[in-house]
Structures are given as C-alpha cells and as structure tokens.
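Below is one structure, written out as structure tokens; the observations come after it.
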Protein chains: 2
Amino acid sequence: MNPKLRDVAEHAGVSVRTVSNVVNGFRYVAPATRERVQASIDVLGYRPNLAARTLRQGRTGLVALVIPEIDSPYFAELAARTVRVAGARGLTVLIDQTDGDAEREKELLHGKRSQLVDGVLFSPWAVAPAELAARTDPVPLVLLGEHDGTAGVDHVAIDNVVAAREATAHLLASGRRRVAALGIQPRSLNATARQRLAGYRQALAEAGLPADPALEVPVGRLHRADGHRAMLRLLDADHPPDAVFCFTDELALGALRAAADRGVAVPEALALVGFDDIEDGRYSVPALTTVSPDKDRIAELALDRLARPEPAAPRSIVAPHHLEVRETS
Amino acid sequence: MNPKLRDVAEHAGVSVRTVSNVVNGFRYVAPATRERVQASIDVLGYRPNLAARTLRQGRTGLVALVIPEIDSPYFAELAARTVRVAGARGLTVLIDQTDGDAEREKELLHGKRSQLVDGVLFSPWAVAPAELAARTDPVPLVLLGEHDGTAGVDHVAIDNVVAAREATAHLLASGRRRVAALGIQPRSLNATARQRLAGYRQALAEAGLPADPALEVPVGRLHRADGHRAMLRLLDADHPPDAVFCFTDELALGALRAAADRGVAVPEALALVGFDDIEDGRYSVPALTTVSPDKDRIAELALDRLARPEPAAPRSIVAPHHLEVRETS
DNA sequence: AGGTCAGTTTGCAACGTGGCATGCCACGTT
DNA sequence: AACGTGGCATGCCACGTTGCAAACTGACCT
C-alpha cells in the first residue's frame, strides 16, 4: 500500500493536517517543521492520492480529447499540440477515439466521462446538431472543427468556407478550368465537408464557372485509400479534371498516388490542393499544396475556452489559416 | 451539483446501498425495485462519481501511454490501437508526451501519474536502463519497443536485430553492395537504434561485406527532415550508396524525397527499406518497402501484461513482424 | 413448529484528502 | 496586567462511493 498523509504524519510526529499544509505549500508552516515533514515525505516516498484529492476538491486536472481517429495525421498533430498546451497548464489529456461511430460520440457527449474530466474537447464526426443542443451534462464542452452554428455550444475552428474558396481560387488562378472537389460526404451530417463544398462552389461562381456535379466527388471516409480510389475513377472517366481540391491532405496524398499509378504528371497535367497541412504533405513527391490551419492556435483557443471560470455564453471562435503553396499546384 | 446516490435513493424511496447495487448490476435486486431505481436514475440524470468510486475501490480504469510524440505516425498508429484494445477491456488511455525529454521520462517513470492510473505503457527514448532498474513506484509498467534486457522490467517488442538483419539481407539479395544504415543515434541511450544497427551489421557480415563507417549514418531525431538532410549529404558525397536501410519509415520518406530532389531513380539507382509500416509509406511514390511490426499484437500483449493480477516475474515478450516488400526495393 | 435457505434490502464504515474553525503561543502594545 | 496580533499547528468533518455483514422476508423442508 502506498503511504498516505497519516503515515507521513506519524513518521514526522505532526498532525495529518500539517502534512497536508506542507504538501500544498500553505504559508504558515515553520521552516523547521516543513523540512522535517518534507524529509518524511521523501523517505516514505509519499505521493498524494489523486482520487481522494479529486473527490475532495471536485476537479481532476484531466481533459478529454474526443476525436474520430488518433492515427489520422491531422488528429495526431492536433492531439500532440493539445497535450503540449494542456501540459503547460497543468492539465492531462485523455484520449477517446470514436472511430466516427455515432453511438460512441453520443455517449461521450452526454457525459460518459463526466466526473472524470474537467472539460471535453470534442471533434465530432457523425453526431447530429440536435444531439449537441440536447446536451445536459454540466462539464464544459468545446467543439473542434465543426462549426455549423445551430447548437448553442462553444466551438473553435478555422473558416472552412473561406479557406476552401481560397484553395479553389488558387487552382483557378493558374488557368485550370475543370477543378474537382474531392471529399464530399453524402450520407454524413459532417458540417465541415459541407462548408468546404460551399467554399469551392463560391470560388467557381466567382470565376463564372458552372458547378459540374460530375466534379463533386463523394467519398466514404477521408483517408488515403478513399482519395486513391476516387482519383482513379476520375482519371479513368471520360473528361478527367485538370485540378482537384481535396478536402483533406490524406485524400490528396491518395490522389497523388493515383496520378502516379496512371502516369499523370503533377502539377503539369493535374494540380492538387489538400487541406490540413499534415507533415506527410511536406515530403511527398511532389510536395503538397495545402490549406494550413493553425493547429497550435486551435489547441490554445480551445483550452482557453475550457478554462473559463463560469459558464459564459457560447461563442464561435475562428482560428487562423493560410494557403501553403508547394509543388502540386 | 450533480445528483448523487443519496438523491436517487430518496427519490426512489430505497436505501443508498440499493441504488449502488442497481448501478453495479448486483444480482439480488428485485426486478420491480431495479426498475423503480432505474427510473429515478434516468429522471435525475444520475452519473456515478468516478473519483469517489476510484477512491473506494482503488482502481481508476486509466492506463497511461507514455510516448515521445503522438504526432509521429508510428506512435499515432500504436496509440490508436492501444486505445481501441484498452476500450474493449473497459480501460481508458491517457497520453503523456515526453518529447524525448529525459527529465519528463524520469518523472513519469517514478510515478508522476501514480495513483491516477492502474498501469503505465512506456515507450522510452532517452531514459537510462539504470533509471528503470531504480524504479520503486508500485504501479505496473510495461516497456514498449525498448528491449535492452538489463533492467528487470516487463517489455513487449519485436525482435529488432532479426528484423534489421532481414531488411538488410533483402537489399543485399537484390545485388546491392553499398548498403547504408540510416538512423544511428550516437548520443542516445536508445537501445532500439543499437539493435537495428547490430542486425544490419550481421547481414553485411553474413554476405561477406565489410562494415563501412561512412555508410553508418547518424541522425539527430528520426523524422522526415532528418532523413531528408542525411540522404542529401549521402547523395552529394563521393561514393553514394546504392541502397539504404532506414531505421524508421519517416526517415525513409525523407530520404525518398531527397532522392527525388537529386533526380535519383528509386528503386533503380537507389533502393530503400524503412521500418514501422506506417500508413504514409503505402501511398508514397514509390510505395515504401518496410519492416512491419504487428502493432495490434503489441498493444494486446502489453495490455495483457498490465492486467496481470499479481506482480509476476518480469518478462520479455517478442511480438511478430514481417518484411513488407513494395516498390522501393 | 422449527429450521434452513435463497433472495432481497439495509446501515455502517472507510477509502485519503482539504476546508474550516479553532486553539495555542510568543511578542509587542495599550 | 490585560489585550491584540501574527505565526503556526491541529481536530473534525465531508466529498460520493462500495465492501462487509447483518437483517429481514417468505418459501420450502424436516
């Protein structure tokens, strides 16, 4: 059994309360006492029991990060930054992986981790806005990435519509005329994909181009395999595009591989823009042009929001982004 | 304030203990009672306080996963699998990121998370074996990937020496004669790098080739940028290699990019083998030949080991791996 | 009738900690 | 001499839960 305050107290010949005072750096402890108690702590190897402390003071120092998949590079990078920022603030991050499963998301939304965490950073995939609005769990929640605006919930995200418009406009500016959008989620409530599609269409409209349904390409999920498959189909079809705006870098990397499979030169015959600025895209051949969200800022803003002392009115916070032009465009 | 057992008990007109029995699925609760209590739970929105539960029963249901960087794809993939396997066993994973910092690793090793977690999965980077041996913290620990064998600690890893030998032999089998090893960690205690180097040398020796110090290439860390930099130097030097065994896929992807920068054809003029089988390598152009550790198995074995009821004698468990031959060799 | 037993419900105590209020002492002030 | 003050140490209690053991019920058996 681990030593407890009682054991330390007996060893040092003081009361339990005094040991607690030493542990918590209470002001009025005589230096001699403090020293003696500290010595006992060291000798016995005492460590505060976090469960008891938590029970007593009602806070855990834990934050849940709920994401679809930790091994998707964008989420991995976001998680890494979140853990780092949280650590600097004395918080520990606990990861929940939903695999995009609506049931799992619902559970977590409605407090499956309640009482265990001081806050939840939630990156939804499948869950409906109504579900968010119906939330009664008192633990603070900040939505990451989803930005649909209907539910009265805090969220932090970049402006997906603007970013998508910029990315598409960038492709159009280089003279491309058949620009596809790859990453549409037909059966999903995913707001992000919808916003990126909207931005894409805006850019086309501004360039006086009609939206061509054949160029709005749906995918199952947003992985390399999906991008690869979809791109092969596009390239094998009658009128292949001369550029593709991919809703994620993973899709784009899959598409890039498909172009290589078909011997299509990138960027000469086919330009690509991705989204997320994952590390992989910097070293792909050719290197991937992409929309780069400021992930550090997202993590900081989200944790700021969680740390607010009292329940404030829900806010939408927009994180910065920029277009990182590399070799695929 | 959240409702507690007391509140539910009053609402349902039963004792606190009975509510607890319902919550925990205790056998001997009359169906009618159970139903009534459940109704009260639903009405009040009761959720068990995990801190109190933890305090009472001494277990938290949390497992710490201590890794250098969550956004390194290998660790991201390992983390994803760990979270999944843990979830299936009713455990939650908490991520600690050390950034390879020895101090941070030491803290965590010696129980910074003690009392908060039921076990620690530890993937060390900088920490010395002596530090491991000196560990007194009673929380079960399983080492991942490090396999130096001196410290009396559980660990799970693939056989790095054999894997490295196979990878190198594979390159030699295709007629390559100047095979470099990329990923040596000169200033680090990292056992993994040493084992992979040993395997590489074994393969050379078996082929009757001398070890050439110029072909044993050190790097700072194991990222794409390091592989890129080191490969550029190799290619720009007098006698560039005709094959490279990279100690991680990330290094290999950086090297691949360097080859593209210098117009060196892969695999014709330069063959590459990586290590880790990360998703990126499947979609790179050309796709990366790599040593594939069975990450699912590693996660399972490690959690098995953590779950052992009583302190057993420390064991080294070897997880399976295989060589995944793709296009770079 | 008394005994046994499975099923059901309950009260008490304890997990280890920190908030609170209070006690105690030495010293300086009125 | 009485009083006030600041520094220091302490005891009691509650946080919400579950283990334990006991108690009660009715049915069934001897």
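Chain labels run A, B, ... following the order of the structure tokens; each chain numbers its residues from 1, and ligands are numbered from 1 in the order shown.
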
### Query
Neighbours of Lys112 in chain A within 12 Å (only C-alpha atoms (C1' of nucleotides); same-chain residues fewer than 4 positions away dropped), as a list in words?
Ala64, Val66, Asp96, Glu103, Arg104, Glu105, Lys106, Glu107, Leu108, Leu116, Val117, Val120, Arg135, Asp137, Pro138 and Val139 of chain A; Gly45, Tyr46, Arg47, Pro48, Asn49, Leu50 and Thr92 of chain B

### Task
Pick out each residue of range 236-278 of chain B that DSSP on the backbone tags as alpha helix (DSSP H); I need them as a ChimeraX atom specification.
/B:236,249-261

Can I get the selected residues back with C-alpha atoms, as a PDB file, in the first residue's frame?
ATOM      1  CA  ASP B 236      26.176  14.548 -52.661  1.00  0.00           C
ATOM      2  CA  ASP B 249       9.667   4.930 -42.221  1.00  0.00           C
ATOM      3  CA  GLU B 250       9.775   8.623 -41.521  1.00  0.00           C
ATOM      4  CA  LEU B 251      13.494   8.682 -42.200  1.00  0.00           C
ATOM      5  CA  ALA B 252      12.874   6.653 -45.343  1.00  0.00           C
ATOM      6  CA  LEU B 253      10.209   9.050 -46.575  1.00  0.00           C
ATOM      7  CA  GLY B 254      12.577  11.953 -46.047  1.00  0.00           C
ATOM      8  CA  ALA B 255      15.252  10.010 -47.901  1.00  0.00           C
ATOM      9  CA  LEU B 256      12.829   9.274 -50.715  1.00  0.00           C
ATOM     10  CA  ARG B 257      12.130  12.942 -51.041  1.00  0.00           C
ATOM     11  CA  ALA B 258      15.868  13.657 -51.121  1.00  0.00           C
ATOM     12  CA  ALA B 259      16.302  11.154 -53.930  1.00  0.00           C
ATOM     13  CA  ALA B 260      13.599  12.977 -55.864  1.00  0.00           C
ATOM     14  CA  ASP B 261      15.345  16.294 -55.192  1.00  0.00           C
TER      15      ASP B 261
END

### Query
Using only C-alpha atoms (C1' of nucleotides), which residue out of D:DT5, D:DT17, D:DT25, D:DT10 lies closest to chain A?
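With only C-alpha atoms (C1' of nucleotides) as the atom set, the closest residue is D:DT10.
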
Contact table chain D vs chain A, cut-off 12 Å, shortest pair per residue, only C-alpha atoms (C1' of nucleotides), as CSV:
residue,atom,partner,partner_atom,distance
D:DG6,C1',A:Tyr28,CA,10.0
D:DG7,C1',A:Tyr28,CA,6.4
D:DC8,C1',A:Tyr28,CA,5.8
D:DA9,C1',A:Thr18,CA,6.7
D:DT10,C1',A:Ser15,CA,6.5
D:DG11,C1',A:Arg17,CA,8.7
D:DC12,C1',A:Arg17,CA,11.0
D:DC13,C1',A:Arg56,CA,11.7
D:DA14,C1',A:Arg56,CA,8.3
D:DC15,C1',A:Arg56,CA,4.8
D:DG16,C1',A:Leu55,CA,7.7
D:DT17,C1',A:Leu55,CA,10.1

With C-alpha atoms (C1' of nucleotides) retained, could you export that selection as a CSV table (one decimal), in the first residue's frame?
chain,number,residue,atom,x,y,z
D,6,DG,C1',0.5,37.3,13.6
D,7,DG,C1',2.5,32.8,13.1
D,8,DC,C1',1.7,28.1,13.5
D,9,DA,C1',-0.5,23.6,14.4
D,10,DT,C1',-4.5,20.8,14.9
D,11,DG,C1',-9.2,18.1,15.0
D,12,DC,C1',-13.3,17.5,12.9
D,13,DC,C1',-15.9,16.7,9.1
D,14,DA,C1',-17.5,15.8,4.4
D,15,DC,C1',-16.5,14.7,-0.6
D,16,DG,C1',-19.6,10.0,-3.0
D,17,DT,C1',-18.9,5.6,-3.3

### Query
How would you write, as a count of residues only, the set of residues in range 73-126 of chain A that DSSP gives as strand (DSSP E or B)?
10

Per-residue nearest contacts chain C to chain A, cut-off 7 Å, using only C-alpha atoms (C1' of nucleotides), as JSON lines:
{"residue": "C:DG16", "atom": "C1'", "partner": "A:Ala52", "partner_atom": "CA", "distance": 5.1}
{"residue": "C:DT17", "atom": "C1'", "partner": "A:Arg53", "partner_atom": "CA", "distance": 5.0}
{"residue": "C:DG18", "atom": "C1'", "partner": "A:Arg56", "partner_atom": "CA", "distance": 6.4}

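Near DA13 in chain C, within 12 Å and counting only C-alpha atoms (C1' of nucleotides), sit Arg56 of chain B; DG11 and DC15 of chain C; DT17, DT18, DG19, DC20 and DA21 of chain D; same-chain residues fewer than 2 positions away were not included.
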
### Query
Nearest to chain B: which of A:Thr168, A:Thr289, A:Thr82, A:Gln38 is it, counting only C-alpha atoms?
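Ranked by minimum distance to chain B, first place goes to A:Thr82.
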
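Using only C-alpha atoms, the smallest distance between any of A:Ala225, A:Leu272, A:Leu141, A:Ala12 and chain B comes from A:Ala225.
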
### Message
Just want the 7 Å neighbourhood of Glu69 in chain A, counted on only C-alpha atoms (C1' of nucleotides), with same-chain residues fewer than 6 positions away dropped. Output as a VMD selection string.
### Response
(chain A and resid 75 97 to 99) or (chain B and resid 80)

### Task
Please indicate the distance in Å from CA of Ala237 in chain A to CA of Ile184 in chain A, rounded to one decimal place.
18.3 Å

### Query
Can you list, as a PyMOL selection string, every protein, DNA or RNA residue that comes within 6 Å of Val93 in chain B when you count only C-alpha atoms (C1' of nucleotides), leaving out same-chain residues fewer than 2 positions away?
chain B and resi 62-64+83

Would you mind listing what lies within 10 Å of Thr136 in chain A as a compact mmCIF listing (two decimals) with N, CA and C atoms, in the first residue's frame, with only C-alpha atoms (C1' of nucleotides) counted and same-chain residues fewer than 4 positions away left out?
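Heads up, here's the output in result03.txt:
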# COMPACT_ATOMS: atom_id res chain seq x y z
N LEU A 109 -20.65 12.56 -25.45
CA LEU A 109 -21.27 13.88 -25.40
C LEU A 109 -22.13 14.02 -24.15
N HIS A 110 -22.79 12.95 -23.81
CA HIS A 110 -23.73 13.01 -22.70
C HIS A 110 -23.10 12.56 -21.39
N GLY A 111 -21.80 12.69 -21.33
CA GLY A 111 -21.20 12.58 -20.02
C GLY A 111 -20.71 11.21 -19.61
N LEU A 132 -26.27 17.75 -29.97
CA LEU A 132 -25.47 18.73 -29.24
C LEU A 132 -26.35 19.65 -28.41
N GLY B 45 -30.98 12.06 -13.92
CA GLY B 45 -29.75 12.13 -14.72
C GLY B 45 -28.51 11.81 -13.90

#### Entry: 12 Å contact set for Asp154 in chain A, only C-alpha atoms (C1' of nucleotides), chain neighbours under 4 positions out, as an MDAnalysis selection string
chainID A and resid 119:123 132:133 140:150 301:306 308 311:318

Save out the residues we just selected, C-alpha atoms, as a short mmCIF file (atom, residue, chain, number, x, y, z; two decimals), in the first residue's frame.
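Result file selection_10.cif:
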data_model
loop_
_atom_site.label_atom_id
_atom_site.label_comp_id
_atom_site.auth_asym_id
_atom_site.auth_seq_id
_atom_site.Cartn_x
_atom_site.Cartn_y
_atom_site.Cartn_z
CA GLY A 119 -13.68 19.50 -19.75
CA VAL A 120 -14.20 17.91 -23.11
CA LEU A 121 -12.68 18.87 -26.43
CA PHE A 122 -14.91 17.27 -28.97
CA SER A 123 -14.24 16.77 -32.63
CA LEU A 132 -25.47 18.73 -29.24
CA ALA A 133 -28.31 21.03 -28.36
CA PRO A 140 -17.69 22.28 -20.22
CA LEU A 141 -17.51 21.30 -23.86
CA VAL A 142 -15.66 22.86 -26.74
CA LEU A 143 -16.33 21.70 -30.26
CA LEU A 144 -13.33 21.44 -32.54
CA GLY A 145 -13.67 21.84 -36.25
CA GLU A 146 -17.39 21.62 -36.52
CA HIS A 147 -18.95 24.95 -36.96
CA ASP A 148 -22.49 24.54 -38.02
CA GLY A 149 -23.62 27.27 -35.70
CA THR A 150 -27.05 26.00 -34.83
CA LEU A 301 -8.09 28.73 -28.02
CA ALA A 302 -9.97 25.56 -27.19
CA LEU A 303 -8.24 25.13 -23.86
CA ASP A 304 -8.70 28.82 -23.07
CA ARG A 305 -12.35 28.32 -23.63
CA LEU A 306 -12.49 25.27 -21.38
CA ARG A 308 -13.23 29.88 -18.35
CA PRO A 311 -20.40 29.29 -17.75
CA ALA A 312 -20.31 32.09 -20.28
CA ALA A 313 -22.43 32.48 -23.36
CA PRO A 314 -21.33 30.01 -26.03
CA ARG A 315 -19.06 31.52 -28.63
CA SER A 316 -17.71 30.62 -32.04
CA ILE A 317 -14.03 31.31 -32.25
CA VAL A 318 -12.33 31.45 -35.60
#

### Query
Between A:Phe26, A:Tyr74, A:Phe247, A:Tyr200, which is the closest to chain B once you count only C-alpha atoms?
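Selected residue with least distance to chain B: A:Tyr74.
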
### Query
CA of Arg176 in chain A to CA of Ala243 in chain A: how many Å, to one decimal?
6.4 Å

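Taking CA of Asp159 in chain B and CA of His322 in chain B as endpoints, the distance between them is 10.5 Å.
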